[in-house]
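Listing of my_file.cif; format and content: mmCIF, C-alpha atoms.
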```cif
data_protein
#
loop_
_atom_site.label_atom_id
_atom_site.label_comp_id
_atom_site.auth_asym_id
_atom_site.auth_seq_id
_atom_site.Cartn_x
_atom_site.Cartn_y
_atom_site.Cartn_z
CA MET A 1 16.23 22.36 41.06
CA PRO A 2 12.80 21.48 42.43
CA PRO A 3 11.14 18.56 40.61
CA GLY A 4 8.25 20.72 39.43
CA ARG A 5 10.55 23.31 37.90
CA TYR A 6 12.70 20.60 36.31
CA LEU A 7 9.65 18.99 34.75
CA GLY A 8 8.40 22.34 33.48
CA THR A 9 11.79 23.14 31.96
CA LEU A 10 11.91 19.72 30.32
CA LEU A 11 8.43 20.12 28.84
CA LEU A 12 9.25 23.62 27.61
CA SER A 13 12.45 22.37 26.00
CA CYS A 14 10.55 19.57 24.29
CA ALA A 15 7.90 22.00 23.05
CA ILE A 16 10.51 24.40 21.68
CA THR A 17 12.32 21.50 19.97
CA LEU A 18 9.10 20.29 18.36
CA ILE A 19 8.21 23.80 17.20
CA LEU A 20 11.66 24.30 15.68
CA ALA A 21 11.52 20.88 14.01
CA ALA A 22 8.07 21.62 12.64
CA GLY A 23 9.28 24.96 11.31
CA VAL A 24 12.23 23.35 9.53
CA ASN A 25 10.12 20.51 8.15
CA TYR A 26 7.42 22.86 6.91
CA SER A 27 9.90 25.28 5.34
CA VAL A 28 12.01 22.64 3.62
CA ASP A 29 8.99 20.41 2.90
CA PRO A 30 11.11 17.41 1.84
CA TYR A 31 8.15 15.41 0.49
CA GLY A 32 6.41 18.27 -1.35
CA LEU A 33 3.29 17.99 0.78
CA TYR A 34 2.81 21.74 1.26
CA ARG A 35 4.63 23.54 -1.57
CA ARG A 36 4.23 26.92 0.14
CA ILE A 37 7.95 27.75 0.11
CA GLU A 38 9.89 26.89 -3.05
CA VAL A 39 13.37 28.42 -3.29
CA ALA A 40 15.97 27.35 -5.84
CA GLY A 41 19.12 26.21 -4.09
CA PHE A 42 17.23 25.64 -0.83
CA ASN A 43 14.41 23.14 -1.30
CA ALA A 44 13.16 23.22 -4.92
CA VAL A 45 14.54 19.73 -5.62
CA LYS A 46 13.07 17.10 -3.32
CA PRO A 47 15.03 13.82 -3.49
CA LYS A 48 12.86 12.15 -0.85
CA SER A 49 9.56 13.04 -2.48
CA GLY A 50 9.36 10.29 -5.08
CA ALA A 51 9.18 7.52 -2.51
CA ASN A 52 6.33 9.34 -0.80
CA GLY A 53 3.94 9.70 -3.71
CA GLN A 54 1.15 7.84 -1.90
CA LEU A 55 1.42 10.36 0.93
CA VAL A 56 1.64 13.49 -1.19
CA LYS A 57 -0.40 12.97 -4.32
CA PRO A 58 -3.89 12.47 -2.83
CA TYR A 59 -3.58 15.91 -1.22
CA ARG A 60 -1.76 17.72 -4.01
CA VAL A 61 -4.16 16.60 -6.73
CA ILE A 62 -7.05 18.24 -4.86
CA GLU A 63 -5.10 21.50 -4.50
CA VAL A 64 -4.10 21.56 -8.18
CA ARG A 65 -7.66 20.85 -9.40
CA PRO A 66 -6.43 19.54 -12.74
CA ARG A 67 -8.27 19.86 -16.01
CA THR A 68 -6.34 16.79 -17.17
CA LEU A 69 -5.64 13.82 -14.92
CA LEU A 70 -2.98 11.19 -15.67
CA LEU A 71 -3.42 7.72 -14.19
CA GLY A 72 -1.33 4.57 -14.28
CA ASN A 73 1.75 3.04 -12.70
CA SER A 74 5.41 4.10 -12.65
CA ARG A 75 5.63 3.99 -16.45
CA SER A 76 3.08 6.82 -16.64
CA GLU A 77 4.57 8.60 -13.64
CA ALA A 78 8.05 8.75 -15.22
CA GLY A 79 7.00 9.09 -18.86
CA LEU A 80 4.20 11.66 -18.95
CA ASP A 81 5.26 15.18 -17.97
CA PRO A 82 2.36 17.46 -16.94
CA ALA A 83 4.54 20.49 -17.73
CA SER A 84 5.37 19.34 -21.26
CA PRO A 85 4.83 21.88 -24.07
CA VAL A 86 2.77 19.20 -25.83
CA TRP A 87 -0.25 20.05 -23.68
CA PRO A 88 -2.63 22.64 -25.17
CA GLU A 89 -3.50 25.45 -22.82
CA ALA A 90 -7.12 24.32 -22.61
CA MET A 91 -6.00 21.05 -20.97
CA ARG A 92 -3.83 22.67 -18.27
CA PRO A 93 -3.22 22.29 -15.42
CA VAL A 94 -2.30 18.63 -15.78
CA TYR A 95 -1.62 16.44 -12.76
CA ASN A 96 0.12 13.08 -12.82
CA PHE A 97 -1.66 10.93 -10.22
CA SER A 98 0.11 7.77 -11.37
CA LEU A 99 1.68 5.69 -8.62
CA PRO A 100 4.52 3.16 -8.87
CA ALA A 101 3.86 -0.52 -8.26
CA SER A 102 0.13 0.05 -8.57
CA GLY A 103 -2.51 -1.59 -10.73
CA ILE A 104 -5.87 -0.76 -12.21
CA SER A 105 -7.61 -0.96 -8.81
CA THR A 106 -5.45 1.93 -7.57
CA ALA A 107 -6.20 3.93 -10.70
CA LEU A 108 -9.90 3.36 -10.00
CA GLY A 109 -9.53 4.57 -6.41
CA ASN A 110 -7.55 7.60 -7.53
CA LEU A 111 -10.24 8.47 -10.05
CA ARG A 112 -13.02 8.21 -7.46
CA HIS A 113 -11.05 10.49 -5.16
CA VAL A 114 -10.59 13.17 -7.80
CA LEU A 115 -14.18 13.01 -9.02
CA ALA A 116 -15.38 13.54 -5.44
CA ALA A 117 -13.58 16.89 -5.39
CA GLY A 118 -14.35 18.10 -8.90
CA LYS A 119 -14.53 16.99 -12.51
CA PRO A 120 -11.45 17.04 -14.75
CA GLY A 121 -12.13 17.51 -18.42
CA THR A 122 -9.89 14.64 -19.51
CA VAL A 123 -8.45 11.49 -17.97
CA ILE A 124 -5.53 9.74 -19.68
CA LEU A 125 -5.04 6.20 -18.40
CA GLY A 126 -1.97 4.11 -19.16
CA ILE A 127 -2.74 0.40 -18.80
CA ASP A 128 -0.12 -2.27 -18.25
CA PHE A 129 -0.50 -5.85 -19.47
CA PHE A 130 1.11 -7.47 -16.46
CA ASP A 131 -1.26 -5.67 -14.09
CA PHE A 132 -4.05 -7.79 -15.59
CA VAL A 133 -2.20 -11.13 -15.36
CA THR A 134 -2.87 -13.28 -12.31
CA ASP A 135 -1.76 -16.70 -11.09
CA ARG A 136 -4.40 -19.33 -11.70
CA ARG A 137 -3.42 -20.94 -8.38
CA ARG A 138 -4.93 -17.89 -6.67
CA ALA A 139 -8.30 -18.21 -8.38
CA GLY A 140 -11.12 -17.17 -6.10
CA ALA A 141 -8.84 -15.60 -3.50
CA PRO A 142 -10.68 -12.74 -1.79
CA ARG A 143 -9.38 -9.22 -2.07
CA ALA A 144 -8.11 -7.43 1.01
CA THR A 145 -10.97 -5.66 2.77
CA GLU A 146 -8.95 -3.51 5.18
CA PRO A 147 -8.32 -0.10 3.58
CA THR A 148 -4.72 0.91 2.97
CA ASP A 149 -3.23 4.21 4.12
CA LEU A 150 -3.68 5.46 0.55
CA GLU A 151 -7.37 4.57 0.63
CA ARG A 152 -7.76 6.30 3.98
CA ARG A 153 -6.55 9.50 2.30
CA TYR A 154 -9.30 9.31 -0.32
CA LEU A 155 -12.42 11.43 -0.09
CA THR A 156 -14.52 8.33 -0.77
CA THR A 157 -14.51 4.64 0.08
CA ARG A 158 -14.46 1.81 -2.46
CA ASP A 159 -18.27 2.00 -2.47
CA GLY A 160 -18.20 5.68 -3.35
CA GLU A 161 -19.40 6.75 0.09
CA GLY A 162 -17.85 9.54 2.15
CA ASN A 163 -14.65 8.38 3.85
CA ARG A 164 -15.06 8.75 7.62
CA ALA A 165 -11.48 7.56 8.28
CA ARG A 166 -9.95 10.41 6.30
CA GLU A 167 -9.85 13.06 9.04
CA TRP A 168 -7.75 10.85 11.30
CA GLN A 169 -5.43 9.92 8.43
CA VAL A 170 -4.98 13.58 7.49
CA ALA A 171 -4.06 14.47 11.07
CA LYS A 172 -1.66 11.54 11.25
CA ASP A 173 0.01 12.46 7.95
CA HIS A 174 0.54 16.10 8.90
CA ALA A 175 1.87 15.17 12.31
CA THR A 176 4.35 12.80 10.71
CA ALA A 177 5.37 15.33 8.06
CA LEU A 178 5.94 18.10 10.58
CA LEU A 179 7.09 16.46 13.79
CA SER A 180 8.94 13.23 13.02
CA LEU A 181 12.70 12.84 13.27
CA ASN A 182 12.77 11.01 9.92
CA THR A 183 11.24 14.04 8.23
CA LEU A 184 13.81 16.31 9.88
CA ILE A 185 16.63 14.09 8.61
CA ASP A 186 15.08 14.10 5.12
CA ALA A 187 14.83 17.90 5.31
CA PHE A 188 18.58 18.21 5.79
CA VAL A 189 19.19 15.66 3.03
CA THR A 190 17.00 17.83 0.79
CA ILE A 191 18.98 20.98 1.54
CA GLY A 192 22.24 19.15 0.85
CA ALA A 193 21.07 17.77 -2.49
CA GLN A 194 20.15 21.06 -4.16
CA ARG A 195 23.33 21.36 -6.18
CA MET A 196 23.16 17.81 -7.52
CA SER A 197 21.86 17.71 -11.08
CA ASP A 198 21.05 14.03 -10.81
CA SER A 199 18.93 13.98 -7.66
CA ALA A 200 15.62 12.18 -7.56
CA ASP A 201 12.62 14.48 -7.55
CA LEU A 202 8.85 14.64 -7.74
CA THR A 203 7.53 17.80 -9.33
CA ASP A 204 4.66 19.85 -7.98
CA LEU A 205 2.49 18.33 -10.73
CA GLY A 206 3.29 14.73 -9.80
CA PHE A 207 5.93 13.91 -12.44
CA TYR A 208 8.87 11.68 -11.48
CA PRO A 209 11.61 12.42 -14.05
CA MET A 210 14.07 9.75 -12.79
CA HIS A 211 17.01 12.16 -12.90
CA GLU A 212 18.97 9.89 -10.56
CA TYR A 213 19.20 7.38 -13.41
CA ARG A 214 21.80 9.63 -15.02
CA ARG A 215 24.05 8.66 -12.14
CA PHE A 216 23.23 5.00 -12.61
CA VAL A 217 24.11 5.23 -16.31
CA ARG A 218 27.51 6.73 -15.46
CA ALA A 219 28.15 4.03 -12.87
CA ASP A 220 26.90 0.92 -14.68
CA GLY A 221 25.87 1.77 -18.24
CA GLN A 222 22.44 1.19 -19.69
CA HIS A 223 23.28 -2.30 -20.94
CA THR A 224 23.67 -3.44 -17.33
CA MET A 225 20.55 -1.56 -16.28
CA PHE A 226 18.53 -3.25 -19.01
CA ARG A 227 19.80 -6.68 -18.02
CA GLN A 228 19.02 -6.15 -14.35
CA VAL A 229 15.44 -5.10 -15.05
CA GLU A 230 14.90 -7.87 -17.58
CA SER A 231 16.13 -10.44 -15.07
CA THR A 232 13.79 -9.10 -12.39
CA TYR A 233 10.80 -9.08 -14.71
CA LEU A 234 11.51 -12.52 -16.15
CA THR A 235 11.77 -13.99 -12.66
CA SER A 236 8.33 -12.60 -11.84
CA TYR A 237 6.86 -13.91 -15.09
CA LEU A 238 8.33 -17.40 -14.74
CA ARG A 239 7.05 -17.89 -11.20
CA LEU A 240 3.46 -17.62 -12.39
CA GLN A 241 0.92 -19.99 -13.76
CA PRO A 242 -0.43 -17.03 -15.74
CA THR A 243 -4.00 -16.36 -16.73
CA LEU A 244 -6.19 -13.39 -17.59
CA HIS A 245 -9.38 -15.08 -16.39
CA PRO A 246 -8.76 -16.83 -13.06
CA ASP A 247 -12.40 -17.73 -12.53
CA GLY A 248 -12.77 -19.46 -15.88
CA ASP A 249 -15.03 -16.87 -17.51
CA ARG A 250 -14.11 -13.97 -19.79
CA THR A 251 -13.61 -11.42 -17.05
CA SER A 252 -11.45 -10.83 -13.97
CA PRO A 253 -11.32 -8.42 -11.02
CA GLU A 254 -8.89 -6.28 -13.00
CA LEU A 255 -11.09 -6.12 -16.08
CA ARG A 256 -14.07 -5.24 -13.89
CA ASP A 257 -12.05 -2.43 -12.30
CA PHE A 258 -11.15 -1.17 -15.75
CA ALA A 259 -14.82 -1.28 -16.74
CA GLN A 260 -15.63 0.81 -13.65
CA VAL A 261 -13.09 3.43 -14.68
CA VAL A 262 -14.82 3.66 -18.05
CA SER A 263 -18.24 3.78 -16.41
CA LEU A 264 -17.27 6.50 -13.93
CA CYS A 265 -15.87 8.68 -16.69
CA ARG A 266 -19.01 8.18 -18.76
CA ALA A 267 -21.26 9.06 -15.84
CA ALA A 268 -19.25 12.21 -15.02
CA GLY A 269 -18.99 13.36 -18.63
CA VAL A 270 -15.18 13.07 -18.55
CA ASN A 271 -13.24 12.49 -21.76
CA LEU A 272 -11.30 9.25 -21.23
CA ILE A 273 -8.27 8.28 -23.32
CA VAL A 274 -6.68 4.86 -22.76
CA PHE A 275 -3.27 3.79 -24.02
CA ILE A 276 -1.01 0.74 -23.91
CA HIS A 277 2.52 1.71 -22.97
CA PRO A 278 5.37 1.98 -25.49
CA TYR A 279 7.28 -0.97 -24.03
CA HIS A 280 10.83 -1.28 -25.22
CA ALA A 281 11.24 -4.28 -27.52
CA HIS A 282 13.25 -6.06 -24.83
CA ILE A 283 10.12 -6.16 -22.65
CA LEU A 284 8.16 -7.63 -25.54
CA GLU A 285 10.88 -10.23 -26.03
CA SER A 286 10.71 -11.02 -22.32
CA TYR A 287 6.99 -11.69 -22.69
CA ARG A 288 7.74 -14.02 -25.55
CA ALA A 289 10.59 -15.81 -23.75
CA ALA A 290 8.37 -16.38 -20.72
CA GLY A 291 5.53 -17.79 -22.84
CA LEU A 292 3.25 -14.79 -22.22
CA TRP A 293 2.87 -13.60 -25.80
CA PRO A 294 -0.49 -15.33 -26.50
CA LEU A 295 -1.88 -13.82 -23.28
CA PHE A 296 -0.54 -10.41 -24.32
CA GLU A 297 -2.52 -10.59 -27.55
CA ASP A 298 -5.61 -11.92 -25.74
CA TRP A 299 -5.38 -9.05 -23.26
CA LYS A 300 -5.63 -6.55 -26.11
CA ARG A 301 -8.66 -8.42 -27.40
CA ASP A 302 -10.27 -8.23 -23.94
CA ILE A 303 -9.70 -4.48 -23.65
CA VAL A 304 -10.96 -3.79 -27.16
CA ALA A 305 -14.05 -5.95 -26.57
CA LEU A 306 -14.82 -4.17 -23.30
CA LEU A 307 -14.56 -0.74 -24.90
CA ASP A 308 -16.63 -1.93 -27.85
CA GLU A 309 -19.39 -2.97 -25.45
CA ASP A 310 -19.21 0.44 -23.82
CA GLY A 311 -19.47 2.12 -27.22
CA ALA A 312 -22.52 0.05 -28.12
CA ALA A 313 -24.15 1.10 -24.84
CA HIS A 314 -23.52 4.78 -25.66
CA PRO A 315 -24.18 5.08 -29.40
CA ASP A 316 -24.72 8.84 -29.23
CA LEU A 317 -21.32 9.52 -27.63
CA PRO A 318 -17.80 9.23 -29.07
CA PRO A 319 -16.16 5.88 -28.32
CA VAL A 320 -13.37 5.74 -25.76
CA PRO A 321 -10.15 5.71 -27.78
CA LEU A 322 -7.59 2.98 -27.11
CA TRP A 323 -4.08 3.67 -28.41
CA ASP A 324 -1.51 0.89 -28.75
CA PHE A 325 2.14 1.96 -28.61
CA SER A 326 3.46 -1.52 -27.87
CA GLY A 327 4.67 -2.61 -31.29
CA TYR A 328 8.15 -3.00 -32.75
CA THR A 329 8.52 0.57 -33.97
CA GLY A 330 11.38 2.95 -34.63
CA VAL A 331 10.85 4.30 -31.11
CA THR A 332 10.53 1.06 -29.15
CA THR A 333 13.42 -0.72 -30.88
CA GLU A 334 16.01 1.89 -29.91
CA ALA A 335 19.36 0.15 -29.68
CA VAL A 336 20.71 -0.62 -26.21
CA PRO A 337 24.35 0.44 -25.74
CA PRO A 338 26.85 -2.45 -25.65
CA ALA A 339 28.20 -3.92 -22.42
CA GLY A 340 30.82 -1.70 -20.84
CA ASP A 341 29.56 1.51 -22.44
CA ARG A 342 29.00 4.01 -19.61
CA ARG A 343 28.88 7.13 -21.75
CA THR A 344 26.03 6.54 -24.16
CA THR A 345 22.60 7.52 -22.90
CA MET A 346 19.57 6.31 -24.79
CA GLN A 347 17.18 8.95 -26.09
CA GLY A 348 13.90 7.39 -25.03
CA TYR A 349 14.45 4.82 -22.28
CA TRP A 350 16.10 4.66 -18.86
CA GLU A 351 15.96 0.87 -18.76
CA ALA A 352 13.74 -1.83 -20.17
CA GLY A 353 10.81 -1.00 -17.93
CA HIS A 354 10.63 2.78 -18.17
CA TYR A 355 10.51 5.23 -21.04
CA ASN A 356 11.23 8.89 -20.45
CA SER A 357 9.35 12.06 -21.35
CA VAL A 358 10.87 12.13 -24.85
CA VAL A 359 8.86 8.99 -25.68
CA GLY A 360 5.99 10.19 -23.51
CA ASP A 361 5.74 13.42 -25.51
CA LEU A 362 5.61 11.46 -28.75
CA ALA A 363 2.78 9.31 -27.39
CA LEU A 364 0.89 12.36 -26.13
CA ALA A 365 1.34 14.15 -29.44
CA ARG A 366 -0.21 11.17 -31.23
CA MET A 367 -3.13 10.86 -28.83
CA LEU A 368 -3.87 14.59 -28.67
CA GLY A 369 -3.24 15.30 -32.34
CA THR A 370 -0.57 17.87 -31.47
CA ARG A 371 1.26 19.02 -34.56
CA ASP A 372 4.15 20.75 -32.79
CA VAL A 373 5.71 17.35 -31.99
CA ALA A 374 6.11 15.02 -34.95
CA ALA A 375 5.56 11.42 -33.84
CA PRO A 376 6.82 8.74 -36.25
CA ASP A 377 4.13 7.33 -38.48
CA ASP A 378 4.55 3.81 -37.13
CA PHE A 379 4.29 4.88 -33.49
CA GLY A 380 0.82 4.50 -32.04
CA VAL A 381 -2.26 2.88 -33.53
CA LYS A 382 -5.84 3.53 -32.45
CA LEU A 383 -7.40 0.10 -31.96
CA ALA A 384 -10.87 -0.94 -33.05
CA PRO A 385 -12.57 -4.35 -33.39
CA ASP A 386 -12.55 -4.34 -37.18
CA MET A 387 -8.78 -3.91 -37.47
CA LEU A 388 -7.47 -5.57 -34.31
CA GLU A 389 -6.49 -8.91 -35.83
CA SER A 390 -4.66 -7.32 -38.73
CA HIS A 391 -2.86 -5.06 -36.24
CA ILE A 392 -1.82 -8.07 -34.16
CA ALA A 393 -0.61 -9.84 -37.29
CA GLY A 394 1.36 -6.74 -38.27
CA ILE A 395 3.15 -6.72 -34.91
CA ARG A 396 4.03 -10.39 -35.37
CA ALA A 397 5.56 -9.62 -38.76
CA ASP A 398 7.47 -6.65 -37.35
CA ARG A 399 8.76 -8.89 -34.60
CA GLU A 400 10.10 -11.44 -37.07
CA ARG A 401 12.09 -8.70 -38.77
CA TYR A 402 13.36 -7.50 -35.41
CA ALA A 403 14.41 -11.04 -34.47
CA VAL A 404 16.57 -11.18 -37.60
CA ASP A 405 18.03 -7.68 -37.27
CA ARG A 406 18.73 -8.01 -33.53
CA ALA A 407 19.38 -11.74 -33.32
CA ASP A 408 22.03 -11.37 -30.59
CA GLU A 409 19.75 -9.32 -28.33
CA VAL A 410 16.84 -11.72 -28.78
CA ALA A 411 19.06 -14.72 -28.12
CA GLY A 412 20.46 -13.07 -24.98
CA ILE A 413 17.00 -12.56 -23.50
CA ARG A 414 16.04 -16.14 -24.32
CA ARG A 415 19.21 -17.47 -22.69
CA MET A 416 18.45 -15.43 -19.59
CA ALA A 417 14.91 -16.82 -19.47
CA ASP A 418 16.15 -20.41 -19.85
CA SER A 419 18.72 -19.92 -17.10
CA LEU A 420 16.19 -18.41 -14.71
CA ARG A 421 13.70 -21.16 -15.50
CA GLU A 422 16.26 -23.80 -14.53
CA LYS A 423 17.13 -21.97 -11.31
CA LEU A 424 13.48 -21.76 -10.32
CA LYS A 425 13.00 -25.47 -11.03
CA ALA A 426 16.05 -26.33 -8.93
CA ALA A 427 14.82 -24.16 -6.06
CA ALA A 428 11.44 -25.91 -6.14
CA ARG A 429 12.91 -29.38 -5.81
#
```
For the file at hand, write its structure as structure tokens.
Amino acid sequence: MPPGRYLGTLLLSCAITLILAAGVNYSVDPYGLYRRIEVAGFNAVKPKSGANGQLVKPYRVIEVRPRTLLLGNSRSEAGLDPASPVWPEAMRPVYNFSLPASGISTALGNLRHVLAAGKPGTVILGIDFFDFVTDRRRAGAPRATEPTDLERRYLTTRDGEGNRAREWQVAKDHATALLSLNTLIDAFVTIGAQRMSDSADLTDLGFYPMHEYRRFVRADGQHTMFRQVESTYLTSYLRLQPTLHPDGDRTSPELRDFAQVVSLCRAAGVNLIVFIHPYHAHILESYRAAGLWPLFEDWKRDIVALLDEDGAAHPDLPPVPLWDFSGYTGVTTEAVPPAGDRRTTMQGYWEAGHYNSVVGDLALARMLGTRDVAAPDDFGVKLAPDMLESHIAGIRADRERYAVDRADEVAGIRRMADSLREKLKAAAR
């Protein structure tokens, strides 16, 4: 075959291959980027989508144009279901733009992005204590200035200006989603996973239900899952020289980012609701065992003070509500199955770090005043300056009762913390 004809045949074959691959990738849509073709038994469940939330969500949230926007980290992503019947019709559609392993700075960027495209009526922000804790050894360290891929997908920059890098990032993302071999492999994995009831998934409204954890429960039991997460968290806590105010004043980059979220919502006329997550009691005990409890209480004081200042600056507008679900309540003290039990599945928690939509619905019902879902009376308190100290004292008293009733669980977490502390000391020698 003449070289010219061979080259032409090769190029044609490559083009046909790419077109076929793009057709498969677009049709199956393993990451949920397009959502044009949704067929039960073919591609409705997308096990590879959850790990690609930073790719998918900045685009999907603009298409959905939500009336209610959910922000936060993986606790919000896995706990707050936008399709829950708790939501009143006037607040739909709801989109969960929470991202795992993200902090308040990401929530701020996500909010800017959405506001640049349109104004949601309500923003519900879940805030996480540990996202505001820093290591005092890193005081004064500059923040990264180079934008991340996520930030390149935003409509605006950190300064609120139009994002000139977005067009290139959009082209890059679509090329990767349609033409890459990895996407093609994930497409076939997606097709093969449709009959599995415990596949990972990310819904079209951004909810990550953690269905794969059913499989983990069957394999290991929730006692083991709790212990693994507690060990991971405690190791992170114990490596720190923790502080809320690394620069020695009463603020921090994280608190300033939170203040900007509040300010942006005020300026746009968006109803903002803030809540502290319903941590399982084992997480609270981990804070205590790691010596973080005083900081945990101080963090609540910081958030309340910041919102009080905002309320004083806007006396003619309703104050931003702050709901605290982090106490020792009938919900958060749900008993963990004993070691070796692989059959019992907890009602409200997958493991120590993540509650499910059962608990999320209870929290939403409390915040929204929904009567169709009856939240326990002790679950969720709206914080204000004039009652904060009595609320903190009440949690301390509830904790003392918990420590007596669940002495073995509390002692187990403390032993784990002591063991990890010794290992870290030995490794540092």
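All protein, DNA and RNA residues at most 12 Å from (7.5, 26.8, 0.3) are Gly23, Val24, Asn25, Tyr26, Ser27, Val28, Asp29, Pro30, Tyr31, Gly32, Leu33, Tyr34, Arg35, Arg36, Ile37, Glu38, Val39, Ala40, Phe42, Asn43, Ala44, Val45, Lys46 and Asp204 of chain A, using all atoms listed in the file.
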Quiz prompt | 12 Å contact set for Ala90 (chain A), all atoms listed in the file, chain neighbours under 5 positions out, as a list of chain:residue names | solution =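 Using all atoms listed in the file, the neighbours found are A:Pro66, A:Arg67, A:Thr68, A:Pro120, A:Gly121, A:Thr122, A:Leu368.
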Exercise. Using all atoms listed in the file, pick whichever of A:Asn182, A:Ser98, A:Thr344, A:Thr332 has the shortest atom-to-atom distance to His277 (chain A).
Key: A:Thr332
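Proximity ranking of A:Leu240, A:Leu71, A:Ala101, A:Met91 relative to Asp135 (chain A) places A:Leu240 first, based on all atoms listed in the file.
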I would like the residues chosen by the PyMOL selection byres ((chain A and resi 78) around 8) on the shown file; could you give them as an mmCIF file with C-alpha atoms, in the frame of the given file?
```cif
data_model
loop_
_atom_site.group_PDB
_atom_site.id
_atom_site.type_symbol
_atom_site.label_atom_id
_atom_site.label_comp_id
_atom_site.auth_asym_id
_atom_site.auth_seq_id
_atom_site.Cartn_x
_atom_site.Cartn_y
_atom_site.Cartn_z
ATOM 1 C CA SER A 74 5.410 4.100 -12.650
ATOM 2 C CA ARG A 75 5.630 3.990 -16.450
ATOM 3 C CA SER A 76 3.080 6.820 -16.640
ATOM 4 C CA GLU A 77 4.570 8.600 -13.640
ATOM 5 C CA GLY A 79 7.000 9.090 -18.860
ATOM 6 C CA LEU A 80 4.200 11.660 -18.950
ATOM 7 C CA ASP A 81 5.260 15.180 -17.970
ATOM 8 C CA PHE A 207 5.930 13.910 -12.440
ATOM 9 C CA TYR A 208 8.870 11.680 -11.480
ATOM 10 C CA PRO A 209 11.610 12.420 -14.050
ATOM 11 C CA MET A 210 14.070 9.750 -12.790
ATOM 12 C CA HIS A 354 10.630 2.780 -18.170
ATOM 13 C CA TYR A 355 10.510 5.230 -21.040
ATOM 14 C CA ASN A 356 11.230 8.890 -20.450
ATOM 15 C CA SER A 357 9.350 12.060 -21.350
#
```
Quiz item: Care to translate the PyMOL selection byres ((chain A and resi 347-349) around 8) into actual residues of this file, as a PyMOL selection string?
Solution: chain A and resi 280+331+334+345-346+350-352+354-359
Quiz item: For this file, the PyMOL selection byres ((chain A and resi 281) around 10) selects which residues, as a list in words?
Solution: Pro278, Tyr279, His280, His282, Ile283, Leu284, Glu285, Ser286, Tyr287, Ser326, Gly327, Tyr328, Thr329, Val331, Thr332, Thr333, Glu334, Ala335, Ala352, Arg399, Tyr402, Glu409 and Val410 of chain A
Exercise. May I have the residues at most 9 Å from (19.9, 13.7, -8.5) in the file's coordinates, counting all atoms listed in the file, as a ChimeraX atom specification?
Key: /A:45,47,193-201,210-215
Exercise. Return the single residue from A:Arg137, A:Arg239, A:Arg406, A:Lys57 that is closest to Gly206 (chain A), with distances computed using all atoms listed in the file.
Key: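 Selected residue with least distance to Gly206 (chain A): A:Lys57.
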Self-check item: Coordinates-based distance that separates CA of Ile303 (chain A) from CA of Asp131 (chain A) (Å, one decimal)
Solution: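 Distance reported for this atom pair: 12.8 Å.
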Practice problem: For CA of Trp293 (chain A) and CA of Leu244 (chain A), quote the distance in Å rounded to one decimal. | Solution: 12.2 Å
Practice problem: With a distance cut-off of 9 Å and only C-alpha atoms, select the neighbouring residues of region 310-315 of chain A, excluding the residue or stretch itself and same-chain residues fewer than 2 positions from it, and output the selection as an MDAnalysis selection string. | Solution: chainID A and resid 259 262:263 266 305:308 317:320
Practice problem: Could you tell me which of A:Gly118, A:Asp418, A:Gln260, A:Arg227 comes closest to Asp159 (chain A) if we count all atoms listed in the file? | Solution: A:Gln260
Practice problem: Check the smallest atom-to-atom distance from each of A:Trp299, A:Tyr154, A:Leu11, A:Glu63 to Glu254 (chain A) using all atoms listed in the file, then report the winner. | Solution: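 For Glu254 (chain A), the nearest of the candidates is A:Trp299.
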